[in-house]
file final31.csv (CSV, C-alpha atoms and all ligand atoms)
chain,number,residue,atom,x,y,z
M,1,MET,CA,71.6,86.7,82.3
M,2,THR,CA,75.2,86.5,81.1
M,3,ASP,CA,76.5,83.2,79.6
M,4,ARG,CA,78.5,80.9,81.9
M,5,HIS,CA,82.1,80.8,80.7
M,6,GLN,CA,83.9,77.5,80.8
M,7,THR,CA,87.6,77.3,81.4
M,8,ASP,CA,90.3,74.9,82.8
M,9,LEU,CA,91.9,77.6,85.0
M,10,LEU,CA,90.5,80.9,86.2
M,11,ILE,CA,93.0,83.5,87.4
M,12,ILE,CA,91.7,86.2,89.7
M,13,GLY,CA,93.9,89.3,89.3
M,14,ALA,CA,95.7,90.3,86.1
M,15,GLY,CA,98.8,91.9,87.7
M,16,PRO,CA,102.3,90.6,86.9
M,17,ALA,CA,101.7,87.3,88.8
M,18,GLY,CA,98.4,86.7,87.2
M,19,LEU,CA,99.6,87.5,83.7
M,20,TYR,CA,102.6,85.2,84.1
M,21,ALA,CA,100.3,82.4,85.4
M,22,ALA,CA,98.2,82.8,82.3
M,23,TYR,CA,101.2,82.2,80.1
M,24,TYR,CA,102.1,79.2,82.2
M,25,ALA,CA,98.6,77.8,82.0
M,26,GLY,CA,99.0,77.8,78.2
M,27,PHE,CA,102.3,76.1,78.4
M,28,ARG,CA,100.6,73.4,80.5
M,29,GLY,CA,97.9,73.0,77.8
M,30,LEU,CA,95.2,74.5,79.9
M,31,THR,CA,92.5,76.9,78.7
M,32,VAL,CA,92.8,80.0,80.9
M,33,THR,CA,90.6,83.0,81.9
M,34,LEU,CA,91.7,86.2,83.7
M,35,MET,CA,89.4,88.3,85.7
M,36,ASP,CA,90.4,91.7,87.1
M,37,SER,CA,88.4,94.5,88.7
M,38,LEU,CA,90.5,97.2,87.0
M,39,PRO,CA,89.8,98.1,83.4
M,40,GLN,CA,93.3,97.3,82.3
M,41,PRO,CA,95.8,94.5,83.0
M,42,GLY,CA,99.0,95.1,85.0
M,43,GLY,CA,97.9,95.4,88.7
M,44,GLN,CA,99.9,97.8,90.8
M,45,VAL,CA,102.6,98.2,88.2
M,46,ALA,CA,100.3,99.6,85.5
M,47,ALA,CA,98.1,101.5,87.8
M,48,MET,CA,100.6,103.1,90.1
M,49,TYR,CA,104.0,103.3,88.5
M,50,PRO,CA,103.9,102.6,84.7
M,51,GLU,CA,106.8,105.0,84.0
M,52,LYS,CA,109.0,103.9,86.8
M,53,LEU,CA,112.1,102.0,86.0
M,54,ILE,CA,112.2,98.6,87.7
M,55,TYR,CA,115.7,97.2,88.2
M,56,ASP,CA,115.0,93.9,90.0
M,57,VAL,CA,113.2,91.7,87.5
M,58,ALA,CA,115.5,88.9,86.3
M,59,GLY,CA,116.6,89.3,82.7
M,60,PHE,CA,115.9,93.1,82.6
M,61,PRO,CA,118.7,95.3,83.9
M,62,GLY,CA,116.1,98.1,83.9
M,63,ILE,CA,112.6,98.1,82.5
M,64,ARG,CA,109.7,100.6,82.7
M,65,GLY,CA,106.6,99.3,84.5
M,66,GLN,CA,104.3,99.6,81.5
M,67,ALA,CA,106.9,98.0,79.2
M,68,LEU,CA,107.1,95.0,81.6
M,69,ILE,CA,103.3,94.6,81.7
M,70,ASP,CA,103.2,94.9,77.8
M,71,ASN,CA,105.7,92.1,77.7
M,72,CYS,CA,103.7,90.0,80.2
M,73,VAL,CA,100.5,90.6,78.2
M,74,GLU,CA,102.3,89.5,75.0
M,75,GLN,CA,103.7,86.4,76.7
M,76,ALA,CA,100.3,85.6,78.1
M,77,ALA,CA,98.7,85.9,74.7
M,78,LYS,CA,100.4,82.6,73.7
M,79,ALA,CA,97.8,81.0,76.0
M,80,ASP,CA,95.0,82.8,74.2
M,81,PRO,CA,93.4,83.9,77.5
M,82,THR,CA,89.9,85.2,77.9
M,83,TYR,CA,89.9,88.5,79.8
M,84,PHE,CA,87.1,89.7,82.0
M,85,LEU,CA,88.4,93.2,82.8
M,86,GLY,CA,86.3,95.6,85.0
M,87,HIS,CA,84.9,92.5,86.8
M,88,ARG,CA,85.5,92.0,90.5
M,89,ALA,CA,85.3,88.4,91.5
M,90,GLU,CA,82.5,88.4,94.1
M,91,ASP,CA,81.5,84.8,94.9
M,92,LEU,CA,83.4,81.5,94.8
M,93,VAL,CA,81.6,78.2,95.3
M,94,HIS,CA,82.5,74.6,94.8
M,95,ALA,CA,80.3,72.2,92.8
M,96,GLU,CA,79.9,68.6,93.9
M,97,ASP,CA,82.4,67.4,91.3
M,98,GLY,CA,85.1,69.7,92.8
M,99,SER,CA,84.9,72.3,90.0
M,100,ILE,CA,84.5,75.9,91.0
M,101,LEU,CA,82.0,78.6,90.0
M,102,VAL,CA,83.1,82.2,90.3
M,103,THR,CA,80.7,85.1,89.8
M,104,SER,CA,81.8,88.7,89.2
M,105,HIS,CA,80.0,91.7,90.6
M,106,LYS,CA,78.5,92.2,87.1
M,107,GLY,CA,77.0,88.7,87.1
M,108,GLN,CA,79.6,87.1,84.8
M,109,GLN,CA,79.9,83.4,85.8
M,110,VAL,CA,83.1,81.5,85.2
M,111,HIS,CA,83.1,77.7,85.7
M,112,ALA,CA,86.7,76.5,86.2
M,113,LYS,CA,88.4,73.3,87.1
M,114,ALA,CA,90.8,75.2,89.3
M,115,VAL,CA,91.4,78.8,90.4
M,116,ILE,CA,94.5,80.8,91.1
M,117,ILE,CA,94.1,83.9,93.2
M,118,THR,CA,96.6,86.6,92.3
M,119,GLY,CA,94.7,89.4,93.9
M,120,GLY,CA,97.8,91.3,95.1
M,121,ILE,CA,96.7,93.8,97.8
M,122,GLY,CA,93.1,93.5,96.7
M,123,THR,CA,91.1,96.0,94.9
M,124,PHE,CA,92.8,99.3,95.5
M,125,THR,CA,91.5,102.8,95.4
M,126,PRO,CA,93.4,106.1,95.8
M,127,ARG,CA,93.0,108.1,99.0
M,128,PRO,CA,91.2,111.2,97.8
M,129,LEU,CA,92.4,114.8,98.1
M,130,PRO,CA,89.8,116.4,100.4
M,131,ASP,CA,87.3,118.8,98.9
M,132,ALA,CA,88.7,118.4,95.4
M,133,GLU,CA,86.2,116.0,93.8
M,134,GLN,CA,85.0,118.6,91.2
M,135,TYR,CA,88.5,118.7,89.7
M,136,GLU,CA,88.9,115.0,89.2
M,137,GLY,CA,89.4,114.5,85.5
M,138,ARG,CA,89.8,118.3,85.1
M,139,GLY,CA,93.4,118.6,86.1
M,140,LEU,CA,93.4,116.5,89.3
M,141,ARG,CA,94.7,113.0,88.9
M,142,TYR,CA,95.5,110.0,91.2
M,143,PHE,CA,97.4,108.0,88.5
M,144,VAL,CA,99.6,109.2,85.7
M,145,PRO,CA,99.3,106.4,83.1
M,146,LYS,CA,100.8,108.6,80.4
M,147,LEU,CA,103.4,111.1,81.4
M,148,ASP,CA,103.0,113.0,78.1
M,149,GLU,CA,99.6,114.2,79.2
M,150,LEU,CA,101.4,116.6,81.5
M,151,ALA,CA,104.0,117.8,79.0
M,152,GLY,CA,104.7,121.5,79.2
M,153,LEU,CA,102.4,122.0,82.3
M,154,ASP,CA,103.2,123.3,85.8
M,155,VAL,CA,102.5,120.3,88.0
M,156,LEU,CA,101.9,120.1,91.7
M,157,ILE,CA,102.5,116.7,93.3
M,158,VAL,CA,101.0,116.1,96.8
M,159,GLY,CA,102.5,113.3,98.9
M,160,GLY,CA,105.7,112.0,100.4
M,161,GLY,CA,105.8,108.3,99.4
M,162,ASP,CA,107.2,106.3,96.6
M,163,SER,CA,104.6,107.3,94.0
M,164,ALA,CA,104.9,111.0,94.7
M,165,PHE,CA,108.7,110.9,94.3
M,166,ASP,CA,108.6,108.6,91.3
M,167,TRP,CA,106.2,110.9,89.5
M,168,ALA,CA,108.3,113.9,90.5
M,169,GLN,CA,111.4,112.3,89.0
M,170,ALA,CA,109.7,111.1,85.9
M,171,LEU,CA,107.9,114.4,85.2
M,172,GLU,CA,110.9,116.6,85.8
M,173,GLN,CA,112.1,116.3,82.2
M,174,ILE,CA,108.6,116.5,80.7
M,175,ALA,CA,106.6,119.1,82.7
M,176,LYS,CA,107.3,122.8,82.6
M,177,SER,CA,107.8,122.8,86.3
M,178,VAL,CA,107.3,120.3,89.2
M,179,THR,CA,106.5,121.2,92.8
M,180,LEU,CA,106.1,118.5,95.4
M,181,ILE,CA,104.5,119.3,98.7
M,182,HIS,CA,104.3,117.1,101.8
M,183,ARG,CA,102.6,117.7,105.1
M,184,ARG,CA,105.6,116.3,107.1
M,185,ASP,CA,109.4,116.8,106.8
M,186,THR,CA,110.1,113.0,106.6
M,187,PHE,CA,109.4,110.9,103.5
M,188,ARG,CA,108.3,107.3,103.1
M,189,ALA,CA,109.9,107.1,99.7
M,190,HIS,CA,113.0,105.2,98.6
M,191,GLU,CA,116.0,107.1,100.0
M,192,ARG,CA,118.0,107.3,96.7
M,193,THR,CA,115.0,108.6,94.8
M,194,VAL,CA,114.4,111.2,97.5
M,195,GLN,CA,118.0,112.4,97.2
M,196,GLU,CA,117.9,112.5,93.4
M,197,VAL,CA,114.6,114.5,93.5
M,198,LEU,CA,116.0,116.9,96.1
M,199,ALA,CA,119.1,117.5,93.9
M,200,SER,CA,116.9,118.1,90.8
M,201,THR,CA,114.9,121.1,89.6
M,202,VAL,CA,111.8,119.8,91.5
M,203,SER,CA,110.8,122.3,94.2
M,204,VAL,CA,110.2,120.2,97.3
M,205,ARG,CA,108.3,121.9,100.2
M,206,THR,CA,107.7,120.2,103.5
M,207,HIS,CA,105.0,121.0,106.2
M,208,THR,CA,102.9,122.2,103.2
M,209,GLU,CA,99.3,121.2,102.4
M,210,VAL,CA,96.7,122.1,99.9
M,211,ALA,CA,94.3,124.8,101.1
M,212,SER,CA,92.1,125.2,98.0
M,213,ILE,CA,92.1,124.6,94.2
M,214,HIS,CA,91.1,127.3,91.8
M,215,GLY,CA,90.1,127.3,88.1
M,216,GLU,CA,86.8,127.4,86.1
M,217,ASP,CA,87.2,124.7,83.4
M,218,GLY,CA,90.4,123.2,84.7
M,219,ILE,CA,92.9,124.0,87.4
M,220,THR,CA,94.7,127.3,87.1
M,221,SER,CA,96.2,127.7,90.6
M,222,VAL,CA,96.4,126.0,94.0
M,223,GLU,CA,96.6,127.8,97.3
M,224,VAL,CA,98.9,126.0,99.7
M,225,PHE,CA,99.7,126.7,103.4
M,226,ASP,CA,102.5,126.0,105.8
M,227,ASN,CA,100.9,123.8,108.5
M,228,ARG,CA,103.2,125.3,111.2
M,229,THR,CA,102.6,129.0,110.5
M,230,ASP,CA,99.5,129.0,108.4
M,231,GLU,CA,101.4,131.2,105.9
M,232,ARG,CA,99.6,130.9,102.5
M,233,GLU,CA,100.8,131.0,98.9
M,234,ARG,CA,99.2,130.7,95.5
M,235,LEU,CA,101.0,128.4,93.1
M,236,GLU,CA,100.2,128.7,89.4
M,237,VAL,CA,99.8,125.1,88.3
M,238,GLN,CA,97.6,123.4,85.7
M,239,ALA,CA,97.8,119.9,87.0
M,240,VAL,CA,97.7,118.3,90.4
M,241,VAL,CA,98.8,114.7,91.1
M,242,ALA,CA,97.5,113.5,94.4
M,243,ALA,CA,99.8,110.6,95.5
M,244,LEU,CA,98.3,110.1,99.0
M,245,GLY,CA,98.5,106.4,99.0
M,246,PHE,CA,95.8,103.8,98.5
M,247,THR,CA,93.3,101.9,100.5
M,248,ALA,CA,93.4,98.3,99.6
M,249,ASP,CA,90.5,96.0,100.2
M,250,LEU,CA,90.5,92.2,99.9
M,251,GLY,CA,86.7,92.6,100.0
M,252,PRO,CA,84.9,89.6,98.6
M,253,LEU,CA,87.9,87.3,99.0
M,254,THR,CA,87.6,87.4,102.7
M,255,ARG,CA,84.2,85.7,102.6
M,256,TRP,CA,85.2,82.6,100.6
M,257,GLY,CA,86.4,80.6,103.6
M,258,LEU,CA,90.1,81.0,102.8
M,259,GLN,CA,92.6,80.9,105.7
M,260,GLN,CA,94.0,84.4,106.1
M,261,HIS,CA,96.7,86.1,108.0
M,262,LYS,CA,96.9,89.9,108.2
M,263,ARG,CA,94.9,90.4,104.9
M,264,HIS,CA,96.9,87.8,103.0
M,265,ILE,CA,96.0,84.2,102.0
M,266,VAL,CA,97.9,81.4,103.7
M,267,VAL,CA,99.4,78.9,101.2
M,268,ASP,CA,101.6,75.9,101.5
M,269,THR,CA,104.7,75.1,99.5
M,270,ARG,CA,102.6,74.2,96.5
M,271,MET,CA,100.8,77.6,96.6
M,272,ALA,CA,97.7,75.7,97.6
M,273,THR,CA,95.2,77.4,99.9
M,274,ASN,CA,93.0,75.6,102.4
M,275,LEU,CA,90.2,75.3,99.7
M,276,PRO,CA,90.4,72.4,97.3
M,277,ARG,CA,91.7,73.3,93.8
M,278,VAL,CA,92.2,77.0,94.9
M,279,PHE,CA,95.7,78.2,94.7
M,280,ALA,CA,97.3,81.7,95.2
M,281,ALA,CA,100.4,83.5,94.0
M,282,GLY,CA,102.0,86.9,94.2
M,283,ASP,CA,101.6,89.6,96.8
M,284,ILE,CA,98.5,88.1,98.2
M,285,THR,CA,100.2,85.0,99.6
M,286,GLU,CA,101.4,84.5,103.1
M,287,TYR,CA,103.9,82.0,104.5
M,288,ASP,CA,107.0,82.1,106.7
M,289,GLY,CA,109.6,84.2,105.0
M,290,LYS,CA,107.4,85.7,102.3
M,291,VAL,CA,108.9,88.6,100.3
M,292,ARG,CA,106.5,90.7,98.3
M,293,LEU,CA,108.2,91.4,95.0
M,294,ILE,CA,107.4,90.9,91.3
M,295,ALA,CA,110.2,88.3,90.9
M,296,VAL,CA,108.8,86.3,93.8
M,297,GLY,CA,105.3,86.4,92.3
M,298,PHE,CA,106.5,85.1,89.0
M,299,GLY,CA,108.1,82.1,90.7
M,300,GLU,CA,105.0,81.5,92.8
M,301,ALA,CA,102.8,81.7,89.7
M,302,ALA,CA,104.8,78.9,88.0
M,303,THR,CA,104.5,76.8,91.1
M,304,ALA,CA,100.8,77.4,91.5
M,305,VAL,CA,100.0,76.6,87.8
M,306,ASN,CA,102.0,73.4,87.8
M,307,ASN,CA,100.3,72.2,91.0
M,308,ALA,CA,96.9,73.3,89.7
M,309,ALA,CA,97.6,71.2,86.6
M,310,THR,CA,98.1,68.1,88.7
M,311,ALA,CA,95.0,69.0,90.8
M,312,ILE,CA,93.0,69.1,87.5
M,313,ASP,CA,94.5,66.0,86.2
M,314,PRO,CA,96.1,63.8,88.9
M,315,LYS,CA,97.9,61.8,86.1
M,316,ALA,CA,99.7,65.0,84.9
M,317,LYS,CA,103.3,65.4,85.8
M,318,LEU,CA,104.2,68.2,88.2
M,319,PHE,CA,107.3,69.2,86.3
M,320,PRO,CA,106.2,70.8,83.0
M,321,GLY,CA,109.3,70.1,80.9
M,322,HIS,CA,111.4,72.8,79.5
M,323,SER,CA,109.8,75.6,77.4
M,324,SER,CA,112.9,75.7,75.2
M,325,ALA,CA,112.0,72.2,74.1
M,326,ALA,CA,108.4,73.0,73.2
M,401,LIG,C1,105.2,102.5,94.0
M,401,LIG,C2,105.6,101.0,93.9
M,401,LIG,C3,106.8,100.6,93.4
M,401,LIG,C4,107.2,99.3,93.4
M,401,LIG,N1,108.4,98.9,92.9
M,401,LIG,C5,108.7,97.6,92.8
M,401,LIG,C6,110.0,97.2,92.3
M,401,LIG,O1,110.8,98.0,91.9
M,401,LIG,N2,110.3,95.8,92.2
M,401,LIG,C7,109.4,94.9,92.6
M,401,LIG,O2,109.6,93.7,92.5
M,401,LIG,N3,108.1,95.3,93.1
M,401,LIG,C8,107.8,96.6,93.2
M,401,LIG,N4,106.6,96.9,93.8
M,401,LIG,C9,105.7,95.8,94.3
M,401,LIG,C10,105.0,95.2,93.1
M,401,LIG,O3,104.3,96.1,92.3
M,401,LIG,C11,104.1,94.0,93.5
M,401,LIG,O4,104.9,93.1,94.2
M,401,LIG,C12,103.4,93.4,92.4
M,401,LIG,O5,102.6,94.3,91.7
M,401,LIG,C13,102.6,92.2,92.9
M,401,LIG,O6,102.0,91.6,91.7
M,401,LIG,P1,100.6,90.8,91.9
M,401,LIG,O7,100.3,90.3,90.5
M,401,LIG,O8,100.8,89.8,93.0
M,401,LIG,O9,99.5,91.8,92.4
M,401,LIG,P2,99.0,93.2,91.9
M,401,LIG,O10,100.0,93.9,91.1
M,401,LIG,O11,98.5,93.9,93.1
M,401,LIG,O12,97.7,92.8,91.0
M,401,LIG,C14,96.6,92.3,91.6
M,401,LIG,C15,95.4,92.5,90.8
M,401,LIG,O13,94.3,91.8,91.3
M,401,LIG,C16,93.1,92.5,91.1
M,401,LIG,N5,92.1,92.1,92.1
M,401,LIG,C17,92.2,92.1,93.4
M,401,LIG,N6,91.1,91.6,94.0
M,401,LIG,C18,90.3,91.2,92.9
M,401,LIG,C19,89.0,90.6,92.8
M,401,LIG,N7,88.2,90.3,93.9
M,401,LIG,N8,88.4,90.5,91.6
M,401,LIG,C20,89.2,90.8,90.5
M,401,LIG,N9,90.4,91.4,90.5
M,401,LIG,C21,90.9,91.5,91.7
M,401,LIG,C22,93.6,94.0,91.3
M,401,LIG,O14,92.7,94.9,90.7
M,401,LIG,C23,95.0,93.9,90.7
M,401,LIG,O15,94.9,94.3,89.3
M,401,LIG,C24,106.2,98.3,93.9
M,401,LIG,C25,105.0,98.7,94.4
M,401,LIG,C26,104.7,100.0,94.4
M,401,LIG,C27,103.3,100.4,94.9
call {"tool": "encode", "arguments": {"input": "final31.csv", "output": "structure tokens", "more": "lines below"}}
Ligand SMILES: Cc1cc2nc3c(=O)[nH]c(=O)nc-3n(C[C@H](O)[C@H](O)[C@H](O)COP(=O)(O)OP(=O)(O)OC[C@H]3O[C@@H](n4cnc5c(N)ncnc54)[C@H](O)[C@@H]3O)c2cc1C
result
Amino acid sequence: MTDRHQTDLLIIGAGPAGLYAAYYAGFRGLTVTLMDSLPQPGGQVAAMYPEKLIYDVAGFPGIRGQALIDNCVEQAAKADPTYFLGHRAEDLVHAEDGSILVTSHKGQQVHAKAVIITGGIGTFTPRPLPDAEQYEGRGLRYFVPKLDELAGLDVLIVGGGDSAFDWAQALEQIAKSVTLIHRRDTFRAHERTVQEVLASTVSVRTHTEVASIHGEDGITSVEVFDNRTDERERLEVQAVVAALGFTADLGPLTRWGLQQHKRHIVVDTRMATNLPRVFAAGDITEYDGKVRLIAVGFGEAATAVNNAATAIDPKAKLFPGHSSAA
């Protein structure tokens, strides 16, 4: 039986909103704990686009995803948070005194005075490339956390969305060659990125799908086919990046009695959910006019923590004071 961990504030989800909420909890003098089902902090940013340049975070004219997360982790460290990574929050129950007990799927219990759910799109898993399981970890990847791992290799990227084009653009300078195949001739990716990739050395082939992967220890080639003509071709590649999207699952969160709307949690202007002392921030929230962006999540995190602080201690002021004065 794992020890029950005591904390003022439990944050479920260590993406950008959760990490910023952790910093803010420290600023409010609260002890704070972060729980995330992924093995590393950073949510969608670290898992899906760590090397992508982000241009719309205030104060950063341009910053790579992983660098932004590293900064968030450094900032959160001021609050000395306890991390339970690789723990999916499974159950949430209220005690008679209003405090909250959350249990992870590994049995870790966290007893908190308030909870902020920053679960983003839920726990997300990549859509698998069919019949390619045996190559996972042996040349086939769903994430590219470190671009350098593909330095000097011939890389095949499968997909037509943002991730596929972002990887193609980022790998162009690092890999020996990059080929991107997509089963349609329209792309779901950001238009400017698509145009830049089309104008680059990346070979983009539409109406093309993977027929079979070859190689003994790792990948040595991939047979692709044109889905209109069935014409086949063998591409000599040593790495395949399957960027076919993700299935996201709110999973356990849906069973906690939270008011939901289309797989999001309904909050009021305080970021309060319908459950006492349970708040939410970031992509997971829903209200009229909601915009799902990192910048918005940061603001919501600050609102959620300040309101959680007053829920924990009704005598506490809502306005936290200025950090520059601290
Ligand atoms: C390819 C791509 C490019 C993007 N580019 C931009 C951009 O340029 N600018 C911008 O502002 N936004 C961009 N976004 C959107 C941005 O990434 C999200 O708005 C942001 O990540 C939301 O942060 P979050 O902290 O709310 O949630 P997330 O980043 O989704 O993090 C949520 C975390 O909660 C965890 N979690 C969920 N359920 C549980 C549970 N039950 N127990 C434990 N942990 C749980 C998840 O594992 C995850 O780590 C992009 C998104 C993608 C996919």
call {"tool": "residues_near_ligand", "arguments": {"input": "final31.csv", "ligand": "ligand LIG 401 (chain M)", "cutoff": "7 Å", "atoms": "only C-alpha atoms and all ligand atoms", "output": "ChimeraX atom specification"}}
result
/M:12-18,35-38,41-45,48-49,54-57,87-90,118-124,162-163,250-253,281-284,292-295,297
call {"tool": "residues_around", "arguments": {"input": "final31.csv", "residues": "Ala22 of chain M", "least_positions_apart": "2", "cutoff": "7 Å", "atoms": "only C-alpha atoms", "output": "NGL selection string"}}
result
:M and (18-20 or 24-26 or 32 or 76 or 79 or 81)
call {"tool": "closest_residue", "arguments": {"input": "final31.csv", "among": "M:Glu191, M:Glu96, M:Asp185, M:Glu51", "to": "Leu147 of chain M", "atoms": "only C-alpha atoms"}}
result
M:Glu51
call {"tool": "residues_around", "arguments": {"input": "final31.csv", "residues": "Arg183 of chain M", "least_positions_apart": "2", "cutoff": "6 Å", "atoms": "all atoms listed in the file", "output": "number ranges by chain"}}
result
M: 206-209
call {"tool": "closest_residue", "arguments": {"input": "final31.csv", "among": "M:Glu74, M:Ile117, M:Asp313, M:His261", "to": "Asp288 of chain M", "atoms": "all atoms listed in the file"}}
result
M:His261
call {"tool": "closest_residue", "arguments": {"input": "final31.csv", "among": "M:Asp249, M:Asp131, M:Asp154, M:Glu149", "to": "Ala211 of chain M", "atoms": "all atoms listed in the file"}}
result
M:Asp131
call {"tool": "residues_around", "arguments": {"input": "final31.csv", "residues": "Val224 of chain M", "least_positions_apart": "2", "cutoff": "12 Å", "atoms": "only C-alpha atoms", "output": "mmCIF file with C-alpha atoms, keeping the file's coordinate frame"}}
result
data_model
loop_
_atom_site.group_PDB
_atom_site.id
_atom_site.type_symbol
_atom_site.label_atom_id
_atom_site.label_comp_id
_atom_site.auth_asym_id
_atom_site.auth_seq_id
_atom_site.Cartn_x
_atom_site.Cartn_y
_atom_site.Cartn_z
ATOM 1 C CA LEU M 156 101.900 120.100 91.700
ATOM 2 C CA ILE M 157 102.500 116.700 93.300
ATOM 3 C CA VAL M 158 101.000 116.100 96.800
ATOM 4 C CA THR M 179 106.500 121.200 92.800
ATOM 5 C CA LEU M 180 106.100 118.500 95.400
ATOM 6 C CA ILE M 181 104.500 119.300 98.700
ATOM 7 C CA HIS M 182 104.300 117.100 101.800
ATOM 8 C CA ARG M 183 102.600 117.700 105.100
ATOM 9 C CA ARG M 205 108.300 121.900 100.200
ATOM 10 C CA THR M 206 107.700 120.200 103.500
ATOM 11 C CA HIS M 207 105.000 121.000 106.200
ATOM 12 C CA THR M 208 102.900 122.200 103.200
ATOM 13 C CA GLU M 209 99.300 121.200 102.400
ATOM 14 C CA VAL M 210 96.700 122.100 99.900
ATOM 15 C CA ALA M 211 94.300 124.800 101.100
ATOM 16 C CA SER M 212 92.100 125.200 98.000
ATOM 17 C CA ILE M 213 92.100 124.600 94.200
ATOM 18 C CA HIS M 214 91.100 127.300 91.800
ATOM 19 C CA SER M 221 96.200 127.700 90.600
ATOM 20 C CA VAL M 222 96.400 126.000 94.000
ATOM 21 C CA ASP M 226 102.500 126.000 105.800
ATOM 22 C CA ASN M 227 100.900 123.800 108.500
ATOM 23 C CA THR M 229 102.600 129.000 110.500
ATOM 24 C CA ASP M 230 99.500 129.000 108.400
ATOM 25 C CA GLU M 231 101.400 131.200 105.900
ATOM 26 C CA ARG M 232 99.600 130.900 102.500
ATOM 27 C CA GLU M 233 100.800 131.000 98.900
ATOM 28 C CA ARG M 234 99.200 130.700 95.500
ATOM 29 C CA LEU M 235 101.000 128.400 93.100
ATOM 30 C CA GLU M 236 100.200 128.700 89.400
ATOM 31 C CA VAL M 237 99.800 125.100 88.300
#
call {"tool": "closest_residue", "arguments": {"input": "final31.csv", "among": "M:Lys52, M:Met271, M:Leu30, M:Leu140", "to": "Ala302 of chain M", "atoms": "all atoms listed in the file"}}
result
M:Met271
call {"tool": "atom_distance", "arguments": {"input": "final31.csv", "atom1": "atom CA of Thr125 of chain M", "atom2": "atom CA of Ala248 of chain M"}}
result
6.4 Å
call {"tool": "atom_distance", "arguments": {"input": "final31.csv", "atom1": "atom CA of Leu85 of chain M", "atom2": "atom CA of Thr7 of chain M"}}
result
16.0 Å
call {"tool": "closest_residue", "arguments": {"input": "final31.csv", "among": "M:Gly29, M:Gly152, M:Arg228, M:Leu9", "to": "Arg184 of chain M", "atoms": "all atoms listed in the file"}}
result
M:Arg228
call {"tool": "closest_residue", "arguments": {"input": "final31.csv", "among": "M:Pro128, M:Gly245, M:Pro50, M:Gly159", "to": "Ala67 of chain M", "atoms": "all atoms listed in the file"}}
result
M:Pro50
call {"tool": "residues_around", "arguments": {"input": "final31.csv", "residues": "Thr31 of chain M", "least_positions_apart": "4", "cutoff": "12 Å", "atoms": "only C-alpha atoms", "output": "PyMOL selection string"}}
result
chain M and resi 5-11+21-27+76-83+111-115+305+309+312
call {"tool": "decode", "arguments": {"input": "final31.csv", "residues": "segment 125-136 of chain M", "atoms": "N, CA and C atoms", "output": "compact mmCIF listing (two decimals), in the first residue's frame"}}
result
# COMPACT_ATOMS: atom_id res chain seq x y z
N THR M 125 -3.08 8.95 -27.00
CA THR M 125 -2.22 7.90 -27.56
C THR M 125 -2.21 8.04 -29.08
N PRO M 126 -1.05 7.82 -29.70
CA PRO M 126 -0.98 7.96 -31.15
C PRO M 126 -1.77 6.89 -31.88
N ARG M 127 -2.36 7.27 -33.02
CA ARG M 127 -3.04 6.27 -33.87
C ARG M 127 -1.96 5.40 -34.50
N PRO M 128 -2.05 4.10 -34.35
CA PRO M 128 -0.97 3.24 -34.83
C PRO M 128 -0.94 3.09 -36.36
N LEU M 129 0.25 2.88 -36.89
CA LEU M 129 0.40 2.53 -38.30
C LEU M 129 0.05 1.05 -38.39
N PRO M 130 -0.92 0.67 -39.24
CA PRO M 130 -1.37 -0.73 -39.26
C PRO M 130 -0.23 -1.71 -39.58
N ASP M 131 -0.26 -2.84 -38.94
CA ASP M 131 0.68 -3.97 -39.18
C ASP M 131 2.14 -3.58 -39.04
N ALA M 132 2.44 -2.64 -38.16
CA ALA M 132 3.84 -2.19 -38.06
C ALA M 132 4.38 -2.31 -36.64
N GLU M 133 3.59 -2.96 -35.77
CA GLU M 133 3.96 -3.05 -34.34
C GLU M 133 5.39 -3.51 -34.11
N GLN M 134 5.82 -4.50 -34.91
CA GLN M 134 7.15 -5.08 -34.68
C GLN M 134 8.27 -4.08 -34.90
N TYR M 135 7.99 -2.96 -35.57
CA TYR M 135 9.06 -1.98 -35.82
C TYR M 135 9.04 -0.82 -34.82
N GLU M 136 8.07 -0.86 -33.89
CA GLU M 136 8.03 0.21 -32.89
C GLU M 136 9.30 0.15 -32.04
